[in-house]
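**Student:** What follows is data_12.pdb, PDB, C-alpha atoms, pLDDT in the B column.
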ATOM      1  CA  LYS A  80      -1.932   1.939   7.727  1.00 88.00           C
ATOM      2  CA  TYR A  81       1.250  -0.170   7.758  1.00 88.00           C
ATOM      3  CA  PHE A  82       3.247   2.466   5.909  1.00 88.00           C
ATOM      4  CA  LEU A  83       2.098   5.119   8.390  1.00 90.00           C
ATOM      5  CA  ASP A  84       3.150   2.865  11.275  1.00 90.00           C
ATOM      6  CA  LEU A  85       6.562   2.417   9.651  1.00 91.00           C
ATOM      7  CA  ILE A  86       6.972   6.179   9.327  1.00 91.00           C
ATOM      8  CA  LYS A  87       6.009   6.576  13.008  1.00 91.00           C
ATOM      9  CA  GLY A  88       8.663   4.004  13.901  1.00 89.00           C
ATOM     10  CA  VAL A  89      11.384   5.748  11.935  1.00 89.00           C
ATOM     11  CA  GLU A  90      10.264   9.022  13.491  1.00 90.00           C
ATOM     12  CA  MET A  91      10.813   7.467  16.927  1.00 91.00           C
ATOM     13  CA  ASP A  92      14.511   7.200  16.043  1.00 87.00           C
ATOM     14  CA  LEU A  93      14.545  10.965  15.566  1.00 90.00           C
ATOM     15  CA  THR A  94      12.814  11.796  18.826  1.00 91.00           C
ATOM     16  CA  LYS A  95      13.662   9.012  21.268  1.00 93.00           C
ATOM     17  CA  ASN A  96      16.979   7.598  22.447  1.00 95.00           C
ATOM     18  CA  ARG A  97      15.765   5.610  25.497  1.00 97.00           C
ATOM     19  CA  TYR A  98      12.944   3.171  26.195  1.00 97.00           C
ATOM     20  CA  ASN A  99      11.837   2.911  29.804  1.00 97.00           C
ATOM     21  CA  THR A 100       9.882  -0.331  29.493  1.00 98.00           C
ATOM     22  CA  PHE A 101       9.670  -3.312  27.204  1.00 98.00           C
ATOM     23  CA  ASP A 102       6.171  -2.209  26.228  1.00 97.00           C
ATOM     24  CA  GLU A 103       7.662   1.009  24.814  1.00 97.00           C
ATOM     25  CA  LEU A 104      10.400  -0.917  23.030  1.00 97.00           C
ATOM     26  CA  HIS A 105       7.853  -3.423  21.709  1.00 98.00           C
ATOM     27  CA  ARG A 106       5.898  -0.579  20.111  1.00 97.00           C
ATOM     28  CA  TYR A 107       9.086   0.616  18.421  1.00 97.00           C
ATOM     29  CA  CYS A 108      10.014  -2.904  17.236  1.00 97.00           C
ATOM     30  CA  TYR A 109       6.509  -3.403  15.886  1.00 97.00           C
ATOM     31  CA  ARG A 110       6.665  -0.175  13.934  1.00 96.00           C
ATOM     32  CA  VAL A 111      10.136  -0.588  12.418  1.00 96.00           C
ATOM     33  CA  ALA A 112      10.212  -4.357  11.889  1.00 97.00           C
ATOM     34  CA  SER A 113       6.874  -6.121  12.304  1.00 97.00           C
ATOM     35  CA  VAL A 114       5.125  -3.742   9.918  1.00 97.00           C
ATOM     36  CA  VAL A 115       7.721  -4.587   7.276  1.00 96.00           C
ATOM     37  CA  GLY A 116       6.704  -8.232   7.708  1.00 96.00           C
ATOM     38  CA  LEU A 117       3.027  -7.323   7.511  1.00 97.00           C
ATOM     39  CA  ILE A 118       3.640  -5.342   4.317  1.00 96.00           C
ATOM     40  CA  CYS A 119       5.553  -8.296   2.850  1.00 94.00           C
ATOM     41  CA  ALA A 120       2.714 -10.656   3.768  1.00 96.00           C
ATOM     42  CA  GLU A 121       0.340  -8.429   1.801  1.00 95.00           C
ATOM     43  CA  VAL A 122       2.748  -8.286  -1.149  1.00 95.00           C
ATOM     44  CA  PHE A 123       3.608 -12.021  -1.249  1.00 94.00           C
ATOM     45  CA  GLY A 124       0.124 -13.107  -0.215  1.00 95.00           C
ATOM     46  CA  TYR A 125      -1.131 -15.437   2.464  1.00 95.00           C
ATOM     47  CA  GLN A 126      -4.046 -17.803   2.867  1.00 96.00           C
ATOM     48  CA  ASN A 127      -4.318 -17.931   6.644  1.00 97.00           C
ATOM     49  CA  ALA A 128      -4.684 -14.781   8.777  1.00 96.00           C
ATOM     50  CA  VAL A 129      -2.487 -16.438  11.437  1.00 97.00           C
ATOM     51  CA  THR A 130       0.410 -15.552   9.126  1.00 97.00           C
ATOM     52  CA  LEU A 131      -0.021 -11.928  10.179  1.00 97.00           C
ATOM     53  CA  GLY A 132       0.743 -12.927  13.794  1.00 97.00           C
ATOM     54  CA  TYR A 133       3.786 -14.775  12.492  1.00 97.00           C
ATOM     55  CA  ALA A 134       4.950 -11.587  10.748  1.00 97.00           C
ATOM     56  CA  VAL A 135       4.524  -9.541  13.918  1.00 98.00           C
ATOM     57  CA  ASP A 136       6.402 -12.014  16.130  1.00 98.00           C
ATOM     58  CA  LEU A 137       9.200 -12.519  13.617  1.00 98.00           C
ATOM     59  CA  GLY A 138       9.633  -8.768  13.241  1.00 98.00           C
ATOM     60  CA  ILE A 139       9.984  -8.363  17.005  1.00 98.00           C
ATOM     61  CA  ALA A 140      12.535 -11.212  17.150  1.00 98.00           C
ATOM     62  CA  LEU A 141      14.610  -9.768  14.296  1.00 98.00           C
ATOM     63  CA  GLN A 142      14.629  -6.268  15.762  1.00 98.00           C
ATOM     64  CA  LEU A 143      15.563  -7.531  19.236  1.00 98.00           C
ATOM     65  CA  THR A 144      18.473  -9.394  17.641  1.00 98.00           C
ATOM     66  CA  ASN A 145      19.522  -6.186  15.861  1.00 97.00           C
ATOM     67  CA  ILE A 146      19.412  -4.331  19.162  1.00 98.00           C
ATOM     68  CA  LEU A 147      21.619  -6.912  20.898  1.00 98.00           C
ATOM     69  CA  ARG A 148      24.083  -6.950  18.017  1.00 97.00           C
ATOM     70  CA  ASP A 149      24.306  -3.155  17.801  1.00 97.00           C
ATOM     71  CA  ILE A 150      24.524  -2.216  21.492  1.00 97.00           C
ATOM     72  CA  LYS A 151      27.999  -0.709  21.191  1.00 96.00           C
ATOM     73  CA  ALA A 152      27.320   1.187  17.952  1.00 95.00           C
ATOM     74  CA  ASP A 153      24.044   2.555  19.314  1.00 96.00           C
ATOM     75  CA  ALA A 154      25.757   3.671  22.524  1.00 97.00           C
ATOM     76  CA  THR A 155      28.320   5.652  20.518  1.00 95.00           C
ATOM     77  CA  HIS A 156      25.349   7.606  19.146  1.00 95.00           C
ATOM     78  CA  GLY A 157      23.890   8.141  22.622  1.00 96.00           C
ATOM     79  CA  ARG A 158      21.156   5.552  22.115  1.00 96.00           C
ATOM     80  CA  ILE A 159      20.059   2.777  24.439  1.00 98.00           C
ATOM     81  CA  TYR A 160      17.444   0.473  22.997  1.00 98.00           C
ATOM     82  CA  LEU A 161      17.475  -1.997  25.884  1.00 98.00           C
ATOM     83  CA  PRO A 162      14.630  -1.155  28.269  1.00 98.00           C
ATOM     84  CA  LEU A 163      15.935   0.956  31.140  1.00 98.00           C
ATOM     85  CA  GLU A 164      13.817  -1.168  33.496  1.00 98.00           C
ATOM     86  CA  ASP A 165      16.009  -4.130  32.486  1.00 98.00           C
ATOM     87  CA  LEU A 166      19.235  -2.228  33.104  1.00 98.00           C
ATOM     88  CA  ARG A 167      17.980  -1.396  36.611  1.00 98.00           C
ATOM     89  CA  ARG A 168      16.780  -4.959  37.191  1.00 98.00           C
ATOM     90  CA  PHE A 169      20.259  -6.337  36.502  1.00 98.00           C
ATOM     91  CA  GLY A 170      22.195  -3.528  38.160  1.00 98.00           C
ATOM     92  CA  TYR A 171      23.800  -2.347  34.952  1.00 98.00           C
ATOM     93  CA  ALA A 172      23.999   1.446  34.625  1.00 97.00           C
ATOM     94  CA  GLU A 173      23.760   3.562  31.499  1.00 97.00           C
ATOM     95  CA  GLU A 174      27.332   4.662  32.172  1.00 97.00           C
ATOM     96  CA  ASP A 175      28.386   0.996  32.106  1.00 97.00           C
ATOM     97  CA  LEU A 176      26.861   0.660  28.669  1.00 97.00           C
ATOM     98  CA  PHE A 177      28.493   3.835  27.365  1.00 97.00           C
ATOM     99  CA  SER A 178      31.833   2.576  28.728  1.00 97.00           C
ATOM    100  CA  SER A 179      31.347  -0.856  27.080  1.00 97.00           C
ATOM    101  CA  ARG A 180      31.671  -2.464  30.503  1.00 97.00           C
ATOM    102  CA  TYR A 181      31.501  -6.233  30.092  1.00 97.00           C
ATOM    103  CA  ASN A 182      30.767  -7.775  33.474  1.00 98.00           C
ATOM    104  CA  PRO A 183      28.531 -10.437  35.079  1.00 98.00           C
ATOM    105  CA  ALA A 184      25.580  -8.002  35.327  1.00 98.00           C
ATOM    106  CA  PHE A 185      25.832  -7.342  31.589  1.00 98.00           C
ATOM    107  CA  VAL A 186      26.015 -11.058  30.793  1.00 98.00           C
ATOM    108  CA  GLU A 187      22.925 -11.799  32.907  1.00 98.00           C
ATOM    109  CA  MET A 188      21.008  -8.936  31.323  1.00 98.00           C
ATOM    110  CA  MET A 189      21.973 -10.100  27.830  1.00 98.00           C
ATOM    111  CA  ARG A 190      20.978 -13.669  28.665  1.00 98.00           C
ATOM    112  CA  PHE A 191      17.558 -12.332  29.681  1.00 98.00           C
ATOM    113  CA  GLU A 192      17.236 -10.244  26.502  1.00 98.00           C
ATOM    114  CA  ALA A 193      18.313 -13.146  24.282  1.00 98.00           C
ATOM    115  CA  ALA A 194      15.710 -15.394  25.933  1.00 98.00           C
ATOM    116  CA  ARG A 195      13.100 -12.756  25.171  1.00 98.00           C
ATOM    117  CA  ALA A 196      14.150 -12.712  21.505  1.00 98.00           C
ATOM    118  CA  TRP A 197      14.107 -16.528  21.365  1.00 98.00           C
ATOM    119  CA  SER A 198      10.533 -16.539  22.686  1.00 98.00           C
ATOM    120  CA  TYR A 199       9.473 -14.444  19.685  1.00 98.00           C
ATOM    121  CA  TYR A 200      11.413 -16.643  17.244  1.00 98.00           C
ATOM    122  CA  LYS A 201       9.752 -19.704  18.744  1.00 98.00           C
ATOM    123  CA  ARG A 202       6.272 -18.239  18.578  1.00 97.00           C
ATOM    124  CA  ALA A 203       6.832 -17.165  14.965  1.00 97.00           C
ATOM    125  CA  GLU A 204       8.110 -20.612  14.000  1.00 94.00           C
ATOM    126  CA  GLU A 205       5.197 -22.343  15.708  1.00 95.00           C
ATOM    127  CA  THR A 206       2.525 -20.100  14.193  1.00 95.00           C
ATOM    128  CA  LEU A 207       3.518 -20.011  10.526  1.00 95.00           C
ATOM    129  CA  PRO A 208       0.745 -21.992   8.843  1.00 95.00           C
ATOM    130  CA  ARG A 209       1.919 -24.754   6.527  1.00 92.00           C
ATOM    131  CA  GLU A 210      -0.096 -23.359   3.631  1.00 94.00           C
ATOM    132  CA  ASP A 211       1.804 -20.054   3.809  1.00 95.00           C
ATOM    133  CA  ARG A 212       5.344 -21.406   4.132  1.00 92.00           C
ATOM    134  CA  LYS A 213       6.062 -20.976   0.417  1.00 92.00           C
ATOM    135  CA  ALA A 214       4.891 -17.349   0.410  1.00 93.00           C
ATOM    136  CA  MET A 215       6.992 -16.593   3.508  1.00 95.00           C
ATOM    137  CA  VAL A 216      10.238 -18.174   2.279  1.00 94.00           C
ATOM    138  CA  ALA A 217      12.094 -14.814   2.354  1.00 94.00           C
ATOM    139  CA  ALA A 218      10.962 -14.254   5.940  1.00 95.00           C
ATOM    140  CA  GLU A 219      12.058 -17.765   6.863  1.00 94.00           C
ATOM    141  CA  ILE A 220      15.482 -17.071   5.374  1.00 95.00           C
ATOM    142  CA  MET A 221      15.687 -13.933   7.537  1.00 96.00           C
ATOM    143  CA  ARG A 222      14.648 -15.994  10.557  1.00 96.00           C
ATOM    144  CA  ALA A 223      17.404 -18.509   9.850  1.00 96.00           C
ATOM    145  CA  ILE A 224      20.087 -15.837   9.421  1.00 96.00           C
ATOM    146  CA  TYR A 225      19.122 -13.723  12.416  1.00 97.00           C
ATOM    147  CA  SER A 226      18.597 -16.659  14.758  1.00 97.00           C
ATOM    148  CA  THR A 227      22.088 -17.859  13.780  1.00 97.00           C
ATOM    149  CA  LEU A 228      23.380 -14.383  14.634  1.00 97.00           C
ATOM    150  CA  LEU A 229      21.642 -14.538  18.015  1.00 98.00           C
ATOM    151  CA  ARG A 230      23.225 -17.945  18.639  1.00 97.00           C
ATOM    152  CA  LYS A 231      26.615 -16.429  17.777  1.00 97.00           C
ATOM    153  CA  ILE A 232      26.006 -13.682  20.351  1.00 98.00           C
ATOM    154  CA  GLU A 233      25.196 -16.346  22.932  1.00 97.00           C
ATOM    155  CA  ASN A 234      28.256 -18.404  22.002  1.00 97.00           C
ATOM    156  CA  SER A 235      30.471 -15.370  22.608  1.00 96.00           C
ATOM    157  CA  ASN A 236      28.995 -15.207  26.121  1.00 97.00           C
ATOM    158  CA  TYR A 237      27.312 -11.971  25.015  1.00 97.00           C
ATOM    159  CA  ASP A 238      30.562 -10.076  24.496  1.00 97.00           C
ATOM    160  CA  VAL A 239      29.293  -7.696  21.827  1.00 97.00           C
ATOM    161  CA  PHE A 240      31.791  -5.028  22.883  1.00 97.00           C
ATOM    162  CA  SER A 241      35.128  -6.515  21.841  1.00 93.00           C
ATOM    163  CA  ALA A 242      34.007  -7.580  18.370  1.00 85.00           C
ATOM    164  CA  PRO A 243      30.608  -6.871  16.857  1.00 83.00           C
ATOM    165  CA  PRO A 244      28.982 -10.206  16.061  1.00 91.00           C
ATOM    166  CA  GLN A 245      28.721 -10.761  12.334  1.00 92.00           C
ATOM    167  CA  LEU A 246      28.135 -13.545   9.872  1.00 93.00           C
ATOM    168  CA  SER A 247      30.239 -13.640   6.721  1.00 91.00           C
ATOM    169  CA  LYS A 248      28.476 -13.228   3.377  1.00 94.00           C
ATOM    170  CA  PRO A 249      29.306 -16.802   2.304  1.00 94.00           C
ATOM    171  CA  TYR A 250      27.922 -18.124   5.600  1.00 90.00           C
ATOM    172  CA  LYS A 251      24.745 -16.066   5.184  1.00 92.00           C
ATOM    173  CA  LEU A 252      24.378 -17.479   1.666  1.00 92.00           C
ATOM    174  CA  TYR A 253      24.817 -20.991   3.053  1.00 89.00           C
ATOM    175  CA  ILE A 254      22.154 -20.352   5.735  1.00 92.00           C
ATOM    176  CA  ALA A 255      19.811 -18.825   3.143  1.00 90.00           C
ATOM    177  CA  PHE A 256      20.252 -21.756   0.763  1.00 89.00           C
ATOM    178  CA  LYS A 257      19.718 -24.261   3.552  1.00 91.00           C
ATOM    179  CA  ALA A 258      16.536 -22.439   4.690  1.00 89.00           C
ATOM    180  CA  TRP A 259      15.267 -22.238   1.114  1.00 89.00           C
ATOM    181  CA  ILE A 260      15.849 -25.959   0.537  1.00 88.00           C
ATOM    182  CA  GLY A 261      14.251 -26.775   3.899  1.00 80.00           C
ATOM    183  CA  ASN A 262      11.247 -24.694   2.927  1.00 76.00           C
ATOM    184  CA  LYS A 263      10.920 -26.497  -0.401  1.00 72.00           C
ATOM    185  CA  LEU A 264      11.221 -29.940   1.202  1.00 74.00           C
ATOM    186  CA  ASP A 265       8.686 -29.071   3.898  1.00 69.00           C
ATOM    187  CA  MET A 266       5.885 -28.461   1.417  1.00 55.00           C
TER     188      MET A 266
END
Let's see the structure in the file written out as structure tokens.

**Tutor:**
Amino acid sequence: KYFLDLIKGVEMDLTKNRYNTFDELHRYCYRVASVVGLICAEVFGYQNAVTLGYAVDLGIALQLTNILRDIKADATHGRIYLPLEDLRRFGYAEEDLFSSRYNPAFVEMMRFEAARAWSYYKRAEETLPREDRKAMVAAEIMRAIYSTLLRKIENSNYDVFSAPPQLSKPYKLYIAFKAWIGNKLDM
């Protein structure tokens, strides 16, 4: 079932280049990211079924972070992953996005989207059962790296147009090592 969901998610990239609502985007994020976490949970094993909820929430958080990071690159391919209802809510037009227009409306919209991503990171962090922390160490490393990336986006005041937010390989290794050690010490 998970592999079929993943294929449906990838297929969405072939047939869809806009998402009207967050519910539509959530379905996409679930299919392309959360299912990967669910597959990994089955591969690495888990003791508590709550871990599956953790995998879903973490997948949504990671994919939302990807979307925020890649806004400019996606726009060059005619894609808008941000819900169109959010663009309207903040008075930011599709044309603004395609023109890489960085303005107060964009900043407010990005602040809203980042808060949404943080809510999924928080829920994932709070729901990972202690007994499954060791099995989910790779996922926790991903959480550490991507949440650092989201913080970097915030620290740039959401200016993802002038320079795509990135973390250097050595810094990612540092974050991964720190998360791995933290995981080991938390057991």

**Student:** Quote the spacing between atom CA of Ala258 of chain A and atom CA of Ala218 of chain A in Å to one decimal place.

**Tutor:** 10.0 Å

**Student:** What gap, in Å, lies between atom CA of Val135 of chain A and atom CA of Cys108 of chain A?

**Tutor:**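 Atom CA of Cys108 of chain A lies 9.2 Å from atom CA of Val135 of chain A.
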
**Student:** When the PyMOL selection byres ((chain A and resi 115) around 10) is applied to the structure above, which residues does it catch, written out as a list in words?

**Tutor:**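 Applying the PyMOL selection byres ((chain A and resi 115) around 10) to the structure shown produces Tyr81, Phe82, Asp84, Leu85, Tyr109, Arg110, Val111, Ala112, Ser113, Val114, Gly116, Leu117, Ile118, Cys119, Ala120, Glu121, Ala134, Val135 and Gly138 of chain A.
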
**Student:** Rank A:Met189, A:Ala172, A:Ile86, A:Leu104 by their smallest atom-to-atom distance to Ser235 of chain A, using all atoms listed in the file, and report the top residue only.

**Tutor:**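 Answer, going by the shortest atom-to-atom distance: A:Met189.
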
**Student:** Using only C-alpha atoms, can you tell me which of A:Met215, A:Tyr250, A:Met221, A:Ala154 comes closest to Val122 of chain A?

**Tutor:**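 Comparing A:Met215, A:Tyr250, A:Met221, A:Ala154 against Val122 of chain A, the winner is A:Met215.
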
**Student:** Just the number, please: distance in Å from atom CA of Ser178 of chain A to atom CA of Arg190 of chain A, one decimal.

**Tutor:**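 So the answer is 19.5 Å.
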
**Student:** Can I get N, CA, C and O atoms for segment 193-222 of chain A, as a JSON list (two decimals), in the first residue's frame?

**Tutor:**
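File written: part-v4.json
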[["chain", "number", "residue", "atom", "x", "y", "z"],
["A", 193, "ALA", "N", 6.06, 28.67, 7.46],
["A", 193, "ALA", "CA", 7.09, 28.13, 8.35],
["A", 193, "ALA", "C", 6.47, 27.68, 9.67],
["A", 193, "ALA", "O", 6.82, 26.62, 10.20],
["A", 194, "ALA", "N", 5.53, 28.47, 10.20],
["A", 194, "ALA", "CA", 4.85, 28.09, 11.44],
["A", 194, "ALA", "C", 4.09, 26.77, 11.25],
["A", 194, "ALA", "O", 4.06, 25.92, 12.15],
["A", 195, "ARG", "N", 3.52, 26.60, 10.09],
["A", 195, "ARG", "CA", 2.81, 25.35, 9.79],
["A", 195, "ARG", "C", 3.81, 24.18, 9.82],
["A", 195, "ARG", "O", 3.55, 23.13, 10.41],
["A", 196, "ALA", "N", 4.96, 24.36, 9.19],
["A", 196, "ALA", "CA", 5.98, 23.30, 9.18],
["A", 196, "ALA", "C", 6.45, 23.01, 10.60],
["A", 196, "ALA", "O", 6.58, 21.84, 11.00],
["A", 197, "TRP", "N", 6.69, 24.08, 11.39],
["A", 197, "TRP", "CA", 7.14, 23.88, 12.77],
["A", 197, "TRP", "C", 6.11, 23.09, 13.58],
["A", 197, "TRP", "O", 6.49, 22.28, 14.44],
["A", 198, "SER", "N", 4.83, 23.29, 13.32],
["A", 198, "SER", "CA", 3.81, 22.54, 14.06],
["A", 198, "SER", "C", 3.93, 21.05, 13.80],
["A", 198, "SER", "O", 3.74, 20.23, 14.70],
["A", 199, "TYR", "N", 4.30, 20.68, 12.58],
["A", 199, "TYR", "CA", 4.49, 19.25, 12.27],
["A", 199, "TYR", "C", 5.80, 18.72, 12.88],
["A", 199, "TYR", "O", 5.84, 17.60, 13.37],
["A", 200, "TYR", "N", 6.86, 19.53, 12.86],
["A", 200, "TYR", "CA", 8.09, 19.11, 13.54],
["A", 200, "TYR", "C", 7.82, 18.87, 15.03],
["A", 200, "TYR", "O", 8.28, 17.88, 15.60],
["A", 201, "LYS", "N", 7.10, 19.80, 15.63],
["A", 201, "LYS", "CA", 6.82, 19.71, 17.07],
["A", 201, "LYS", "C", 6.01, 18.46, 17.39],
["A", 201, "LYS", "O", 6.32, 17.72, 18.32],
["A", 202, "ARG", "N", 4.97, 18.23, 16.61],
["A", 202, "ARG", "CA", 4.13, 17.06, 16.85],
["A", 202, "ARG", "C", 4.94, 15.78, 16.66],
["A", 202, "ARG", "O", 4.81, 14.84, 17.45],
["A", 203, "ALA", "N", 5.79, 15.74, 15.65],
["A", 203, "ALA", "CA", 6.63, 14.55, 15.44],
["A", 203, "ALA", "C", 7.55, 14.34, 16.64],
["A", 203, "ALA", "O", 7.64, 13.23, 17.18],
["A", 204, "GLU", "N", 8.21, 15.41, 17.06],
["A", 204, "GLU", "CA", 9.14, 15.30, 18.19],
["A", 204, "GLU", "C", 8.44, 14.83, 19.45],
["A", 204, "GLU", "O", 8.96, 14.01, 20.19],
["A", 205, "GLU", "N", 7.24, 15.35, 19.68],
["A", 205, "GLU", "CA", 6.50, 15.00, 20.90],
["A", 205, "GLU", "C", 5.91, 13.60, 20.86],
["A", 205, "GLU", "O", 5.62, 13.03, 21.92],
["A", 206, "THR", "N", 5.72, 13.04, 19.66],
["A", 206, "THR", "CA", 5.04, 11.74, 19.60],
["A", 206, "THR", "C", 5.97, 10.55, 19.41],
["A", 206, "THR", "O", 5.51, 9.41, 19.50],
["A", 207, "LEU", "N", 7.25, 10.79, 19.12],
["A", 207, "LEU", "CA", 8.15, 9.65, 18.97],
["A", 207, "LEU", "C", 8.32, 8.94, 20.30],
["A", 207, "LEU", "O", 8.87, 9.50, 21.26],
["A", 208, "PRO", "N", 7.83, 7.70, 20.39],
["A", 208, "PRO", "CA", 7.95, 6.98, 21.66],
["A", 208, "PRO", "C", 9.42, 6.68, 21.99],
["A", 208, "PRO", "O", 10.22, 6.39, 21.10],
["A", 209, "ARG", "N", 9.73, 6.76, 23.26],
["A", 209, "ARG", "CA", 11.10, 6.54, 23.72],
["A", 209, "ARG", "C", 11.64, 5.19, 23.24],
["A", 209, "ARG", "O", 12.80, 5.08, 22.83],
["A", 210, "GLU", "N", 10.80, 4.17, 23.28],
["A", 210, "GLU", "CA", 11.26, 2.83, 22.92],
["A", 210, "GLU", "C", 11.61, 2.69, 21.43],
["A", 210, "GLU", "O", 12.25, 1.72, 21.03],
["A", 211, "ASP", "N", 11.20, 3.65, 20.61],
["A", 211, "ASP", "CA", 11.50, 3.58, 19.18],
["A", 211, "ASP", "C", 12.53, 4.62, 18.73],
["A", 211, "ASP", "O", 12.81, 4.72, 17.53],
["A", 212, "ARG", "N", 13.11, 5.34, 19.66],
["A", 212, "ARG", "CA", 14.09, 6.36, 19.28],
["A", 212, "ARG", "C", 15.30, 5.76, 18.57],
["A", 212, "ARG", "O", 15.79, 6.31, 17.59],
["A", 213, "LYS", "N", 15.77, 4.62, 19.04],
["A", 213, "LYS", "CA", 16.95, 4.00, 18.42],
["A", 213, "LYS", "C", 16.64, 3.59, 16.98],
["A", 213, "LYS", "O", 17.44, 3.84, 16.08],
["A", 214, "ALA", "N", 15.48, 3.00, 16.75],
["A", 214, "ALA", "CA", 15.11, 2.56, 15.40],
["A", 214, "ALA", "C", 14.92, 3.76, 14.46],
["A", 214, "ALA", "O", 15.13, 3.63, 13.25],
["A", 215, "MET", "N", 14.55, 4.90, 15.00],
["A", 215, "MET", "CA", 14.25, 6.08, 14.17],
["A", 215, "MET", "C", 15.40, 7.08, 14.14],
["A", 215, "MET", "O", 15.22, 8.24, 13.83],
["A", 216, "VAL", "N", 16.62, 6.64, 14.44],
["A", 216, "VAL", "CA", 17.75, 7.56, 14.49],
["A", 216, "VAL", "C", 17.98, 8.25, 13.13],
["A", 216, "VAL", "O", 18.29, 9.45, 13.09],
["A", 217, "ALA", "N", 17.82, 7.55, 12.03],
["A", 217, "ALA", "CA", 18.01, 8.19, 10.71],
["A", 217, "ALA", "C", 16.96, 9.28, 10.50],
["A", 217, "ALA", "O", 17.28, 10.37, 9.99],
["A", 218, "ALA", "N", 15.73, 9.01, 10.90],
["A", 218, "ALA", "CA", 14.67, 10.01, 10.78],
["A", 218, "ALA", "C", 14.96, 11.21, 11.68],
["A", 218, "ALA", "O", 14.71, 12.36, 11.29],
["A", 219, "GLU", "N", 15.48, 10.96, 12.85],
["A", 219, "GLU", "CA", 15.81, 12.05, 13.77],
["A", 219, "GLU", "C", 16.95, 12.91, 13.22],
["A", 219, "GLU", "O", 16.99, 14.12, 13.43],
["A", 220, "ILE", "N", 17.88, 12.27, 12.52],
["A", 220, "ILE", "CA", 18.95, 13.04, 11.87],
["A", 220, "ILE", "C", 18.35, 13.93, 10.79],
["A", 220, "ILE", "O", 18.70, 15.10, 10.67],
["A", 221, "MET", "N", 17.42, 13.39, 10.01],
["A", 221, "MET", "CA", 16.74, 14.19, 8.98],
["A", 221, "MET", "C", 15.98, 15.35, 9.64],
["A", 221, "MET", "O", 15.98, 16.47, 9.12],
["A", 222, "ARG", "N", 15.33, 15.07, 10.75],
["A", 222, "ARG", "CA", 14.60, 16.13, 11.45],
["A", 222, "ARG", "C", 15.55, 17.24, 11.88],
["A", 222, "ARG", "O", 15.27, 18.43, 11.71]]
